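What follows is a single structure, written as structure tokens, with notes after it.
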Amino acid sequence: MRIMAFDYGTKRIGLAVTDPLQIIATGLDTVHPLDIIAYLKKYLQTEQVERFIVGEPKQMDNTPSQSAIHVRGFVNLLTR
């Protein structure tokens with residue numbers, strides 16, 4: 001099964017996915033945040049995904065960046 005990774009942004013979400021053996025990850029698409037759930041529903045009808053990974057935005061001193069609150073909201077949306 002595949003692993004899907006998300007790079008969340010307020011204007012676009014970058015998606016990457018591994019091959020079925022989880023050896024290589026490649027960029028899949030960029031999607032508007034309002035369209036992400038519909039995109040995932042369609043994608044998951046044809047591909048099996050084992051887990052989601054969401055990038056955690058950090059400052060150079062390893063503290064959460066200003067966009068971290070948006071990412072947490074996105075993670076909550078994914079867990080529903």
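Convention: chains lettered A, B, ... in structure tokens order; per-chain residue numbering from 1; ligands numbered from 1 as shown.
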
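Residues of chain A carrying a DSSP assignment of strand (DSSP E), computed from the backbone, are Arg2, Ile3, Met4, Ala5, Phe6, Asp7, Tyr8, Ile13, Gly14, Leu15, Ala16, Val17, Thr18, Ala25, Thr26, Gly27, Leu28, Asp29, Thr30, Val31, Val49, Glu50, Arg51, Phe52, Ile53 and Val54 of chain A.
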
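Using only C-alpha atoms, the residues found no farther than 7 Å from region 2-14 of chain A, other than those of its own chain fewer than 5 positions away, are Asp19, Pro20, Gln22, Asp29, Thr30, Val31, His32, Pro33, Gln48, Val49, Glu50, Arg51, Phe52, Ile53, Val54, Gly55 and Val71 of chain A.
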
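Between CA of Glu47 (chain A) and CA of Ile69 (chain A) the separation is 29.5 Å.
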
Mind checking DSSP for region 23-79 of chain A and telling me the alpha helix (DSSP H) residues as a PyMOL selection string?
-> chain A and resi 36-46+68-79

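CA of Met1 (chain A) lies 13.9 Å from CA of Ala16 (chain A).
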
Nearby residues (only C-alpha atoms) at most 10 Å from His70 (chain A), same-chain spacing under 3 positions excluded, as a ChimeraX atom specification | /A:8-10,57,66-67,73-76
